[in-house]
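Dropping entry-v4.pdb in here (PDB, C-alpha atoms):
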```
MODEL        1
ATOM      1  CA  MET A   1      11.188 169.685 224.534
ATOM      2  CA  THR A   2       9.792 168.592 221.192
ATOM      3  CA  LEU A   3      10.877 165.461 219.339
ATOM      4  CA  THR A   4      12.472 167.628 216.654
ATOM      5  CA  THR A   5      14.598 169.444 219.224
ATOM      6  CA  LEU A   6      15.507 166.162 220.925
ATOM      7  CA  ALA A   7      16.513 164.662 217.591
ATOM      8  CA  GLN A   8      18.692 167.664 216.803
ATOM      9  CA  ARG A   9      20.431 167.578 220.195
ATOM     10  CA  HIS A  10      20.816 163.773 220.438
ATOM     11  CA  PRO A  11      20.977 162.402 216.880
ATOM     12  CA  ARG A  12      22.815 159.253 217.953
ATOM     13  CA  LEU A  13      20.037 158.348 220.381
ATOM     14  CA  PHE A  14      17.449 158.553 217.615
ATOM     15  CA  ASP A  15      19.682 156.525 215.317
ATOM     16  CA  GLU A  16      19.857 153.779 217.936
ATOM     17  CA  LEU A  17      16.081 153.845 218.489
ATOM     18  CA  ILE A  18      15.497 153.537 214.741
ATOM     19  CA  ARG A  19      17.972 150.647 214.585
ATOM     20  CA  ILE A  20      16.134 148.873 217.417
ATOM     21  CA  ASP A  21      12.770 149.456 215.738
ATOM     22  CA  ARG A  22      14.084 147.911 212.521
ATOM     23  CA  ALA A  23      15.642 144.905 214.232
ATOM     24  CA  PRO A  24      14.601 141.607 212.595
ATOM     25  CA  ALA A  25      11.776 139.669 214.188
ATOM     26  CA  ILE A  26      14.022 136.603 214.525
ATOM     27  CA  GLY A  27      16.212 138.596 216.880
ATOM     28  CA  TRP A  28      13.331 139.405 219.216
ATOM     29  CA  LEU A  29      12.224 135.763 219.222
ATOM     30  CA  ALA A  30      15.784 134.690 220.013
ATOM     31  CA  LEU A  31      15.904 137.117 222.959
ATOM     32  CA  GLN A  32      12.624 135.754 224.327
ATOM     33  CA  ALA A  33      13.849 132.185 223.928
ATOM     34  CA  ALA A  34      17.064 133.099 225.754
ATOM     35  CA  ALA A  35      15.046 134.561 228.636
ATOM     36  CA  LEU A  36      13.341 131.171 229.021
ATOM     37  CA  THR A  37      16.575 129.151 229.090
ATOM     38  CA  SER A  38      15.819 127.560 232.471
ATOM     39  CA  THR A  39      12.568 126.156 231.102
ATOM     40  CA  TRP A  40      14.317 124.643 228.075
ATOM     41  CA  TRP A  41      16.898 122.972 230.320
ATOM     42  CA  TRP A  42      14.165 121.437 232.481
ATOM     43  CA  MET A  43      12.274 120.187 229.429
ATOM     44  CA  ALA A  44      15.447 118.712 227.906
ATOM     45  CA  ARG A  45      16.319 116.870 231.113
ATOM     46  CA  ARG A  46      12.805 115.458 231.400
ATOM     47  CA  MET A  47      12.837 114.274 227.788
ATOM     48  CA  VAL A  48      16.177 112.478 228.006
ATOM     49  CA  ASP A  49      15.977 110.955 231.498
ATOM     50  CA  GLY A  50      13.298 108.465 230.453
ATOM     51  CA  SER A  51      10.500 110.014 232.502
ATOM     52  CA  ASP A  52       8.609 111.160 229.406
ATOM     53  CA  ASP A  53       8.432 110.552 225.664
ATOM     54  CA  PRO A  54      10.356 113.167 223.613
ATOM     55  CA  LEU A  55       7.469 113.760 221.208
ATOM     56  CA  GLY A  56       7.373 117.429 222.161
ATOM     57  CA  VAL A  57      10.459 117.962 220.007
ATOM     58  CA  LEU A  58       8.264 117.386 216.941
ATOM     59  CA  ALA A  59       5.923 120.191 217.997
ATOM     60  CA  LEU A  60       8.808 122.584 218.636
ATOM     61  CA  GLY A  61      10.335 121.589 215.320
ATOM     62  CA  THR A  62       7.064 122.293 213.526
ATOM     63  CA  LEU A  63       6.937 125.784 215.032
ATOM     64  CA  ALA A  64      10.538 126.346 213.929
ATOM     65  CA  VAL A  65       9.674 125.212 210.385
ATOM     66  CA  LEU A  66       6.687 127.583 210.390
ATOM     67  CA  VAL A  67       8.927 130.521 211.337
ATOM     68  CA  TRP A  68      11.480 129.584 208.674
ATOM     69  CA  ARG A  69       8.795 129.148 206.038
ATOM     70  CA  LEU A  70       7.357 132.618 206.751
ATOM     71  CA  ARG A  71      10.672 134.330 207.538
ATOM     72  CA  ALA A  72      10.221 136.812 204.687
ATOM     73  CA  GLU A  73       6.771 137.814 205.970
ATOM     74  CA  LEU A  74       7.558 138.284 209.659
ATOM     75  CA  ARG A  75       6.466 141.685 210.948
ATOM     76  CA  CYS A  76       9.123 144.246 211.873
ATOM     77  CA  ALA A  77       6.559 146.017 214.063
ATOM     78  CA  PRO A  78       5.065 143.356 216.401
ATOM     79  CA  ARG A  79       1.365 143.394 217.220
ATOM     80  CA  LEU A  80       1.179 145.060 220.614
ATOM     81  CA  GLY A  81      -1.543 142.843 222.107
ATOM     82  CA  TRP A  82       0.344 139.614 221.444
ATOM     83  CA  LEU A  83       3.615 141.277 222.455
ATOM     84  CA  ALA A  84       2.129 142.257 225.811
ATOM     85  CA  TRP A  85       0.962 138.663 226.418
ATOM     86  CA  ALA A  86       4.390 137.354 225.426
ATOM     87  CA  SER A  87       6.180 139.745 227.811
ATOM     88  CA  ALA A  88       3.821 139.032 230.697
ATOM     89  CA  GLY A  89       4.016 135.287 230.128
ATOM     90  CA  THR A  90       7.815 135.297 229.971
ATOM     91  CA  LEU A  91       7.997 137.239 233.235
ATOM     92  CA  ALA A  92       5.415 134.971 234.883
ATOM     93  CA  ALA A  93       7.244 131.813 233.793
ATOM     94  CA  THR A  94      10.497 133.137 235.247
ATOM     95  CA  VAL A  95       8.809 133.963 238.558
ATOM     96  CA  MET A  96       7.155 130.527 238.639
ATOM     97  CA  ARG A  97      10.496 128.806 238.126
ATOM     98  CA  THR A  98      12.460 130.747 240.746
ATOM     99  CA  GLY A  99       9.920 132.235 243.144
ATOM    100  CA  VAL A 100      10.044 135.831 244.357
ATOM    101  CA  GLY A 101      10.196 136.892 248.002
ATOM    102  CA  PRO A 102       7.520 135.002 249.964
ATOM    103  CA  LEU A 103       6.158 133.406 246.778
ATOM    104  CA  PRO A 104       7.523 129.878 246.396
ATOM    105  CA  ALA A 105       8.479 128.334 243.094
ATOM    106  CA  LEU A 106       5.562 126.575 241.388
ATOM    107  CA  PRO A 107       5.622 123.128 239.731
ATOM    108  CA  PRO A 108       7.995 123.213 236.754
ATOM    109  CA  LEU A 109       5.362 121.744 234.436
ATOM    110  CA  LEU A 110       3.105 124.741 235.089
ATOM    111  CA  ALA A 111       6.015 127.126 234.542
ATOM    112  CA  ALA A 112       6.885 125.333 231.287
ATOM    113  CA  LEU A 113       3.281 125.621 230.086
ATOM    114  CA  THR A 114       3.328 129.362 230.789
ATOM    115  CA  ALA A 115       6.686 129.710 229.015
ATOM    116  CA  LEU A 116       5.524 127.859 225.900
ATOM    117  CA  LEU A 117       2.314 129.860 225.686
ATOM    118  CA  ALA A 118       4.373 133.033 226.070
ATOM    119  CA  LEU A 119       6.622 131.876 223.235
ATOM    120  CA  ALA A 120       3.555 131.173 221.085
ATOM    121  CA  ALA A 121       2.289 134.685 221.847
ATOM    122  CA  GLY A 122       5.678 136.053 220.793
ATOM    123  CA  LEU A 123       5.397 134.135 217.534
ATOM    124  CA  MET A 124       1.918 135.482 216.901
ATOM    125  CA  ALA A 125       3.160 139.019 217.550
ATOM    126  CA  VAL A 126       5.401 138.827 214.481
ATOM    127  CA  MET A 127       3.431 136.406 212.313
ATOM    128  CA  PRO A 128       1.321 137.605 209.361
ATOM    129  CA  ARG A 129      -2.322 138.099 210.255
ATOM    130  CA  ARG A 130      -3.382 135.193 208.064
ATOM    131  CA  VAL A 131      -1.712 132.706 210.443
ATOM    132  CA  ALA A 132      -4.305 131.352 212.896
ATOM    133  CA  ALA A 133      -3.431 131.554 216.575
ATOM    134  CA  ALA A 134      -5.261 128.414 217.782
ATOM    135  CA  PRO A 135      -3.044 125.800 216.068
ATOM    136  CA  VAL A 136       0.104 127.711 217.081
ATOM    137  CA  LEU A 137      -1.034 127.675 220.706
ATOM    138  CA  GLY A 138      -1.964 124.008 220.290
ATOM    139  CA  LEU A 139       1.548 123.107 219.137
ATOM    140  CA  ALA A 140       2.969 125.042 222.090
ATOM    141  CA  VAL A 141       0.934 122.908 224.498
ATOM    142  CA  LEU A 142       1.878 119.705 222.655
ATOM    143  CA  ALA A 143       5.564 120.628 223.034
ATOM    144  CA  LEU A 144       5.288 120.039 226.781
ATOM    145  CA  PRO A 145       6.768 116.803 228.176
ATOM    146  CA  ILE A 146       3.336 115.887 229.457
ATOM    147  CA  LEU A 147       2.580 112.375 228.204
ATOM    148  CA  SER A 148       3.649 110.636 231.401
ATOM    149  CA  SER A 149       1.493 113.006 233.463
ATOM    150  CA  LEU A 150      -1.490 112.414 231.184
ATOM    151  CA  GLN A 151      -0.939 108.684 231.427
ATOM    152  CA  PHE A 152      -0.867 108.910 235.220
ATOM    153  CA  TYR A 153      -4.003 111.029 235.624
ATOM    154  CA  ALA A 154      -6.106 110.110 232.571
ATOM    155  CA  GLY A 155      -4.726 106.738 231.552
ATOM    156  CA  PHE A 156      -6.937 104.550 233.736
ATOM    157  CA  PRO A 157     -10.257 106.288 232.913
ATOM    158  CA  LEU A 158      -9.395 106.098 229.204
ATOM    159  CA  ARG A 159      -8.589 102.391 229.550
ATOM    160  CA  VAL A 160     -11.952 101.787 231.201
ATOM    161  CA  VAL A 161     -13.780 103.631 228.409
ATOM    162  CA  THR A 162     -11.809 101.719 225.780
ATOM    163  CA  ALA A 163     -12.517  98.383 227.468
ATOM    164  CA  GLU A 164     -16.245  99.092 227.703
ATOM    165  CA  ALA A 165     -16.497 100.173 224.073
ATOM    166  CA  SER A 166     -14.527  97.098 222.991
ATOM    167  CA  ARG A 167     -16.882  94.914 225.009
ATOM    168  CA  TRP A 168     -19.856  96.169 223.009
ATOM    169  CA  LEU A 169     -18.027  95.586 219.736
ATOM    170  CA  LEU A 170     -17.024  92.036 220.686
ATOM    171  CA  MET A 171     -20.316  90.930 222.258
ATOM    172  CA  PRO A 172     -21.792  89.547 218.971
ATOM    173  CA  PHE A 173     -18.813  87.197 218.604
ATOM    174  CA  PHE A 174     -17.691  86.322 222.141
ATOM    175  CA  ASP A 175     -18.937  86.021 225.679
ATOM    176  CA  VAL A 176     -17.405  89.219 227.047
ATOM    177  CA  GLN A 177     -17.440  90.731 230.511
ATOM    178  CA  ARG A 178     -15.578  93.758 231.796
ATOM    179  CA  GLU A 179     -13.866  94.102 235.146
ATOM    180  CA  ALA A 180     -12.405  97.593 235.614
ATOM    181  CA  ALA A 181      -9.896  97.977 232.740
ATOM    182  CA  SER A 182      -9.801  94.270 231.906
ATOM    183  CA  LEU A 183     -11.971  92.043 229.722
ATOM    184  CA  ILE A 184     -12.885  88.398 230.194
ATOM    185  CA  VAL A 185     -13.367  86.972 226.703
ATOM    186  CA  ASP A 186     -14.725  83.401 226.616
ATOM    187  CA  GLY A 187     -13.147  82.822 230.006
ATOM    188  CA  ARG A 188      -9.777  84.354 229.063
ATOM    189  CA  LEU A 189      -8.580  87.400 230.979
ATOM    190  CA  VAL A 190      -7.294  90.180 228.706
ATOM    191  CA  ILE A 191      -5.829  93.276 230.373
ATOM    192  CA  VAL A 192      -6.203  96.648 228.649
ATOM    193  CA  ASP A 193      -2.787  97.985 229.618
ATOM    194  CA  ALA A 194      -1.371 101.523 229.642
ATOM    195  CA  PRO A 195      -0.330 101.655 225.936
ATOM    196  CA  CYS A 196      -3.961 100.876 225.047
ATOM    197  CA  SER A 197      -5.236 103.998 226.810
ATOM    198  CA  GLY A 198      -4.743 106.009 223.612
ATOM    199  CA  VAL A 199      -2.785 108.875 225.188
ATOM    200  CA  GLN A 200      -0.008 108.714 222.602
ATOM    201  CA  MET A 201      -2.516 108.320 219.772
ATOM    202  CA  ALA A 202      -4.341 111.413 221.031
ATOM    203  CA  TRP A 203      -1.075 113.386 221.034
ATOM    204  CA  CYS A 204      -0.354 112.297 217.457
ATOM    205  CA  GLY A 205      -3.900 113.112 216.344
ATOM    206  CA  TYR A 206      -3.888 116.636 217.729
ATOM    207  CA  PHE A 207      -0.367 117.213 216.440
ATOM    208  CA  VAL A 208      -1.470 116.291 212.918
ATOM    209  CA  ALA A 209      -4.536 118.532 213.294
ATOM    210  CA  CYS A 210      -2.419 121.568 214.296
ATOM    211  CA  ALA A 211       0.276 120.979 211.672
ATOM    212  CA  VAL A 212      -2.159 120.425 208.788
ATOM    213  CA  ALA A 213      -4.312 123.400 209.818
ATOM    214  CA  LEU A 214      -1.269 125.670 209.647
ATOM    215  CA  TRP A 215      -0.143 124.153 206.360
ATOM    216  CA  VAL A 216      -3.470 124.698 204.574
ATOM    217  CA  GLY A 217      -4.219 128.056 206.205
ATOM    218  CA  ARG A 218      -7.199 126.942 208.268
ATOM    219  CA  GLY A 219      -8.644 129.797 210.322
ATOM    220  CA  ASN A 220      -9.286 129.766 214.064
ATOM    221  CA  ARG A 221     -13.025 129.135 213.751
ATOM    222  CA  GLY A 222     -12.651 126.258 211.300
ATOM    223  CA  PHE A 223      -9.852 124.696 213.333
ATOM    224  CA  LEU A 224     -11.708 124.850 216.651
ATOM    225  CA  ALA A 225     -14.926 123.557 215.066
ATOM    226  CA  ARG A 226     -13.084 120.412 213.925
ATOM    227  CA  LEU A 227     -11.286 119.645 217.200
ATOM    228  CA  PRO A 228     -14.212 117.624 218.680
ATOM    229  CA  TRP A 229     -14.168 115.454 215.555
ATOM    230  CA  VAL A 230     -10.448 114.899 216.052
ATOM    231  CA  GLY A 231     -11.179 113.565 219.526
ATOM    232  CA  LEU A 232     -13.867 111.229 218.193
ATOM    233  CA  VAL A 233     -11.553 109.910 215.463
ATOM    234  CA  VAL A 234      -8.827 109.191 218.030
ATOM    235  CA  LEU A 235     -11.251 107.492 220.416
ATOM    236  CA  GLY A 236     -12.786 105.372 217.663
ATOM    237  CA  ALA A 237      -9.374 104.365 216.309
ATOM    238  CA  ASN A 238      -8.126 103.384 219.756
ATOM    239  CA  VAL A 239     -11.241 101.297 220.425
ATOM    240  CA  LEU A 240     -10.856  99.584 217.043
ATOM    241  CA  ARG A 241      -7.202  98.768 217.669
ATOM    242  CA  ASN A 242      -7.958  97.409 221.126
ATOM    243  CA  SER A 243     -10.922  95.349 219.865
ATOM    244  CA  VAL A 244      -8.837  93.685 217.134
ATOM    245  CA  LEU A 245      -6.075  92.766 219.560
ATOM    246  CA  VAL A 246      -8.507  91.534 222.205
ATOM    247  CA  ALA A 247     -10.387  89.476 219.610
ATOM    248  CA  PHE A 248      -7.220  87.551 218.759
ATOM    249  CA  GLU A 249      -6.506  87.089 222.465
ATOM    250  CA  GLY A 250     -10.034  85.862 223.098
ATOM    251  CA  ALA A 251      -9.840  83.443 220.189
ATOM    252  CA  GLY A 252      -6.757  81.871 221.733
ATOM    253  CA  GLN A 253      -4.439  83.180 219.007
ATOM    254  CA  PRO A 254      -2.622  86.132 220.593
ATOM    255  CA  LEU A 255      -0.552  88.214 218.233
ATOM    256  CA  GLY A 256       3.182  88.527 218.734
ATOM    257  CA  ASP A 257       4.891  91.792 219.578
ATOM    258  CA  ALA A 258       5.679  92.526 215.934
ATOM    259  CA  TRP A 259       2.079  92.113 214.794
ATOM    260  CA  HIS A 260       0.966  94.081 217.856
ATOM    261  CA  GLN A 261       3.070  96.987 216.625
ATOM    262  CA  ILE A 262       1.954  96.578 213.007
ATOM    263  CA  VAL A 263      -1.743  96.706 213.933
ATOM    264  CA  GLY A 264      -1.163  99.724 216.163
ATOM    265  CA  LEU A 265       0.813 101.624 213.535
ATOM    266  CA  ALA A 266      -1.715 100.816 210.802
ATOM    267  CA  VAL A 267      -4.625 102.110 212.871
ATOM    268  CA  LEU A 268      -2.622 105.187 213.918
ATOM    269  CA  ALA A 269      -1.770 105.948 210.282
ATOM    270  CA  ALA A 270      -5.430 105.618 209.274
ATOM    271  CA  ALA A 271      -6.521 107.902 212.122
ATOM    272  CA  CYS A 272      -3.911 110.541 211.231
ATOM    273  CA  ALA A 273      -4.948 110.391 207.572
ATOM    274  CA  GLU A 274      -8.595 110.924 208.552
ATOM    275  CA  ILE A 275      -7.655 113.867 210.774
ATOM    276  CA  ALA A 276      -5.570 115.398 207.985
ATOM    277  CA  TRP A 277      -8.571 115.060 205.656
ATOM    278  CA  LEU A 278     -10.762 116.806 208.243
ATOM    279  CA  MET A 279      -8.397 119.779 208.361
ATOM    280  CA  ALA A 280      -7.351 119.941 204.709
ATOM    281  CA  PRO A 281     -10.528 120.454 202.569
ATOM    282  CA  LEU A 282      -9.952 124.228 202.545
ATOM    283  CA  ARG A 283      -7.173 123.873 199.967
ATOM    284  CA  ARG A 284      -9.105 121.320 197.912
ATOM    285  CA  GLY A 285     -12.145 123.609 197.949
ATOM    286  CA  ARG A 286     -10.065 126.495 196.613
ATOM    287  CA  LYS A 287      -8.666 124.328 193.834
ATOM    288  CA  ALA A 288     -12.160 123.190 192.885
ATOM    289  CA  SER A 289     -13.377 126.788 192.814
ATOM    290  CA  SER A 290     -10.417 127.830 190.657
ATOM    291  CA  ALA A 291     -11.055 124.949 188.228
ATOM    292  CA  ALA A 292     -14.743 125.849 187.993
ATOM    293  CA  ALA A 293     -13.873 129.507 187.355
ATOM    294  CA  SER A 294     -11.436 128.480 184.614
ATOM    295  CA  LYS A 295     -14.059 126.319 182.901
ATOM    296  CA  THR A 296     -16.568 129.166 183.064
ATOM    297  CA  ALA A 297     -14.070 131.577 181.527
ATOM    298  CA  MET A 298     -13.254 129.131 178.718
ATOM    299  CA  ALA A 299     -16.950 128.660 178.000
TER     300      ALA A 299
ENDMDL
END
```
So, in terms of structure tokens, how does the structure I just supplied come out?
Amino acid sequence: MTLTTLAQRHPRLFDELIRIDRAPAIGWLALQAAALTSTWWWMARRMVDGSDDPLGVLALGTLAVLVWRLRAELRCAPRLGWLAWASAGTLAATVMRTGVGPLPALPPLLAALTALLALAAGLMAVMPRRVAAAPVLGLAVLALPILSSLQFYAGFPLRVVTAEASRWLLMPFFDVQREAASLIVDGRLVIVDAPCSGVQMAWCGYFVACAVALWVGRGNRGFLARLPWVGLVVLGANVLRNSVLVAFEGAGQPLGDAWHQIVGLAVLAAACAEIAWLMAPLRRGRKASSAAASKTAMA
């Protein structure tokens, strides 16, 4: 039976298929999000029970703003490759959460990671081609309630690295020795505690990198090429913040909590501004080229 014959015999069926094909992209994204409801509930509980910082909401909000900003350009016909990844990821996340037959349920953090990557793939399936995939996937990973886990597994090694780098910076001015993640400055013990590991600063730095890259239209290659520099900026900023605070401690003039916060926020703001500058020159370069072209035309 040919399609023409089928259409003549079952016109309502073809009308429904056409209606489905023309369904708005927002509707498909809403269906995928609904299929991952169990993951969203787990993430919400983890964010509000005090076990993790709720910074992931900012990443999810940025993705929502991106969709709203490009709502008029979303594709009615999704890209099949990304759609396949989105479907497979959504199914895998559901299986990970519940388990199937002899397969036990996997850790919810792993299931949430799979779900968020699947959602990012669904976004890319309907996004215009000019939107780079890497920063979208990066925001999906940053949406995870993962800071407490990173602090547990990576916090101590980062504190040791920070303490050692601070020791080298302070050596010209103090008698400094390091013991694990602590410094002895002119006989005074200064502990490099968990907030000084830089985990939260790293999250903020990579969040700014992803958000700015999407805002200025940075491509995948340019974005990925700048990620190592983002890491270096974050590490350098964290070492600088720690060195300033330790220097005051070693000099016998420890800063109060308010000044502690002010120094930390100032260094964080400077680091985020530097990261934004790393990601943003594409727009400035286009403006410069346009200005040069205008001058040439006027001449």
Could you write out as a PyMOL selection string the residues that the PyMOL selection byres ((chain A and resi 203-208) around 10) matches in the shown file?
chain A and resi 55-56+58-59+62+135+138-139+141-143+146-147+198-202+209-214+227+230-231+233-234+268-269+271-276+279
Could you pull out every residue with an atom within 12 Å of (1.7, 140.3, 224.3), file coordinates, counting all atoms listed in the file, and send them as a list in words?
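Those within range, by chain then number, are Gln32, Pro78, Arg79, Leu80, Gly81, Trp82, Leu83, Ala84, Trp85, Ala86, Ser87, Ala88, Gly89, Thr90, Leu91, Leu117, Ala118, Leu119, Ala120, Ala121, Gly122, Leu123, Met124, Ala125 and Val126 of chain A.
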Write the residues you've just listed into a file as a short mmCIF file (atom, residue, chain, number, x, y, z; two decimals), in the frame of the given file, and include C-alpha atoms for each of them.
```cif
data_model
loop_
_atom_site.label_atom_id
_atom_site.label_comp_id
_atom_site.auth_asym_id
_atom_site.auth_seq_id
_atom_site.Cartn_x
_atom_site.Cartn_y
_atom_site.Cartn_z
CA GLN A 32 12.62 135.75 224.33
CA PRO A 78 5.07 143.36 216.40
CA ARG A 79 1.36 143.39 217.22
CA LEU A 80 1.18 145.06 220.61
CA GLY A 81 -1.54 142.84 222.11
CA TRP A 82 0.34 139.61 221.44
CA LEU A 83 3.62 141.28 222.46
CA ALA A 84 2.13 142.26 225.81
CA TRP A 85 0.96 138.66 226.42
CA ALA A 86 4.39 137.35 225.43
CA SER A 87 6.18 139.74 227.81
CA ALA A 88 3.82 139.03 230.70
CA GLY A 89 4.02 135.29 230.13
CA THR A 90 7.82 135.30 229.97
CA LEU A 91 8.00 137.24 233.24
CA LEU A 117 2.31 129.86 225.69
CA ALA A 118 4.37 133.03 226.07
CA LEU A 119 6.62 131.88 223.24
CA ALA A 120 3.56 131.17 221.08
CA ALA A 121 2.29 134.68 221.85
CA GLY A 122 5.68 136.05 220.79
CA LEU A 123 5.40 134.14 217.53
CA MET A 124 1.92 135.48 216.90
CA ALA A 125 3.16 139.02 217.55
CA VAL A 126 5.40 138.83 214.48
#
```
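Nearest to Leu278 in chain A of all the residues A:Gly27, A:Gly236, A:Pro254, A:Gly222 is A:Gly222, based on all atoms listed in the file.
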Could you check how far CA of Gly264 in chain A sits from CA of Ala247 in chain A, in Å to one decimal?
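Distance reported for this atom pair: 14.2 Å.
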Which residue, A:Ala105, A:Met47, A:Ala163, A:Val176, has the smallest gap to Ile191 in chain A when you use all atoms listed in the file?
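So, comparing all the options, the nearest one is A:Ala163.
From CA of Pro195 in chain A back to CA of Asn238 in chain A, the distance works out to 10.1 Å.
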Check the smallest atom-to-atom distance from each of A:Leu36, A:Val48, A:Ala111, A:Met127 to Leu63 in chain A using all atoms listed in the file, then report the winner.
A:Met127
Calculate, to one decimal in Å, the centre and edge lengths of the box along x, y and z of the file that holds all listed atoms of range 173-184 of chain A with 3 Å of margin on each side, and present them as lines of an AutoDock Vina configuration file.
```
center_x = -14.4
center_y = 92.0
center_z = 227.1
size_x = 15.1
size_y = 18.0
size_z = 23.0
```
So what do you get for CA of Trp277 in chain A versus CA of Phe223 in chain A, distance-wise?
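One can read the CA of Trp277 in chain A to CA of Phe223 in chain A distance as 12.4 Å.
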Explicit residue set for the PyMOL selection byres ((chain A and resi 44) around 12), as a PyMOL selection string
chain A and resi 37-43+45-57+112+143-145
With distances taken over all atoms listed in the file, which residue among A:Thr98, A:Arg75, A:Ala237, A:Glu249 lies nearest Ala266 in chain A?
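Once distances to Ala266 in chain A are computed over all atoms listed in the file, the minimum belongs to A:Ala237.
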Give one line per residue of range 106-175 of chain A that approaches range 240-246 of chain A to at most 9 Å, naming the two atoms of the closest pair and their distance in Å to one decimal, counting only C-alpha atoms; sort by chain then ascending residue number and deliver it as a tab-separated table.
```
residue	atom	partner	partner_atom	distance
A:Thr162	CA	A:Asn242	CA	7.4
A:Ala163	CA	A:Asn242	CA	7.9
A:Ala165	CA	A:Ser243	CA	8.5
A:Ser166	CA	A:Ser243	CA	5.1
A:Arg167	CA	A:Ser243	CA	7.9
A:Leu169	CA	A:Ser243	CA	7.1
A:Leu170	CA	A:Ser243	CA	7.0
```
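The closest residue to Pro128 in chain A, picked from A:Arg71, A:His260, A:Arg218, A:Arg226 and counting only C-alpha atoms, is A:Arg71.
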N, CA and C atoms are needed for range 26-42 of chain A; please write them out as an mmCIF file, keeping the file's coordinate frame.
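Final file, result_24.cif:
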```
data_model
loop_
_atom_site.group_PDB
_atom_site.id
_atom_site.type_symbol
_atom_site.label_atom_id
_atom_site.label_comp_id
_atom_site.auth_asym_id
_atom_site.auth_seq_id
_atom_site.Cartn_x
_atom_site.Cartn_y
_atom_site.Cartn_z
ATOM 1 N N ILE A 26 13.312 137.779 214.020
ATOM 2 C CA ILE A 26 14.022 136.603 214.525
ATOM 3 C C ILE A 26 14.852 136.973 215.752
ATOM 4 N N GLY A 27 15.413 138.158 215.745
ATOM 5 C CA GLY A 27 16.212 138.596 216.880
ATOM 6 C C GLY A 27 15.391 138.716 218.151
ATOM 7 N N TRP A 28 14.196 139.293 218.035
ATOM 8 C CA TRP A 28 13.331 139.405 219.216
ATOM 9 C C TRP A 28 12.906 138.025 219.721
ATOM 10 N N LEU A 29 12.597 137.117 218.804
ATOM 11 C CA LEU A 29 12.224 135.763 219.222
ATOM 12 C C LEU A 29 13.395 135.060 219.901
ATOM 13 N N ALA A 30 14.607 135.295 219.395
ATOM 14 C CA ALA A 30 15.784 134.690 220.013
ATOM 15 C C ALA A 30 16.003 135.233 221.426
ATOM 16 N N LEU A 31 15.770 136.535 221.617
ATOM 17 C CA LEU A 31 15.904 137.117 222.959
ATOM 18 C C LEU A 31 14.886 136.522 223.925
ATOM 19 N N GLN A 32 13.644 136.346 223.462
ATOM 20 C CA GLN A 32 12.624 135.754 224.327
ATOM 21 C C GLN A 32 12.989 134.312 224.669
ATOM 22 N N ALA A 33 13.445 133.566 223.668
ATOM 23 C CA ALA A 33 13.849 132.185 223.928
ATOM 24 C C ALA A 33 15.008 132.124 224.925
ATOM 25 N N ALA A 34 15.948 133.066 224.815
ATOM 26 C CA ALA A 34 17.064 133.099 225.754
ATOM 27 C C ALA A 34 16.591 133.403 227.174
ATOM 28 N N ALA A 35 15.574 134.240 227.311
ATOM 29 C CA ALA A 35 15.046 134.561 228.636
ATOM 30 C C ALA A 35 14.386 133.358 229.299
ATOM 31 N N LEU A 36 14.008 132.366 228.496
ATOM 32 C CA LEU A 36 13.341 131.171 229.021
ATOM 33 C C LEU A 36 14.274 129.968 229.065
ATOM 34 N N THR A 37 15.589 130.229 229.142
ATOM 35 C CA THR A 37 16.575 129.151 229.090
ATOM 36 C C THR A 37 16.357 128.108 230.174
ATOM 37 N N SER A 38 16.011 128.524 231.377
ATOM 38 C CA SER A 38 15.819 127.560 232.471
ATOM 39 C C SER A 38 14.701 126.575 232.169
ATOM 40 N N THR A 39 13.662 127.047 231.486
ATOM 41 C CA THR A 39 12.568 126.156 231.102
ATOM 42 C C THR A 39 13.036 125.138 230.075
ATOM 43 N N TRP A 40 13.839 125.580 229.095
ATOM 44 C CA TRP A 40 14.317 124.643 228.075
ATOM 45 C C TRP A 40 15.222 123.578 228.685
ATOM 46 N N TRP A 41 16.037 123.952 229.664
ATOM 47 C CA TRP A 41 16.898 122.972 230.320
ATOM 48 C C TRP A 41 16.059 121.932 231.054
ATOM 49 N N TRP A 42 15.020 122.388 231.752
ATOM 50 C CA TRP A 42 14.165 121.437 232.481
ATOM 51 C C TRP A 42 13.469 120.493 231.504
#
```
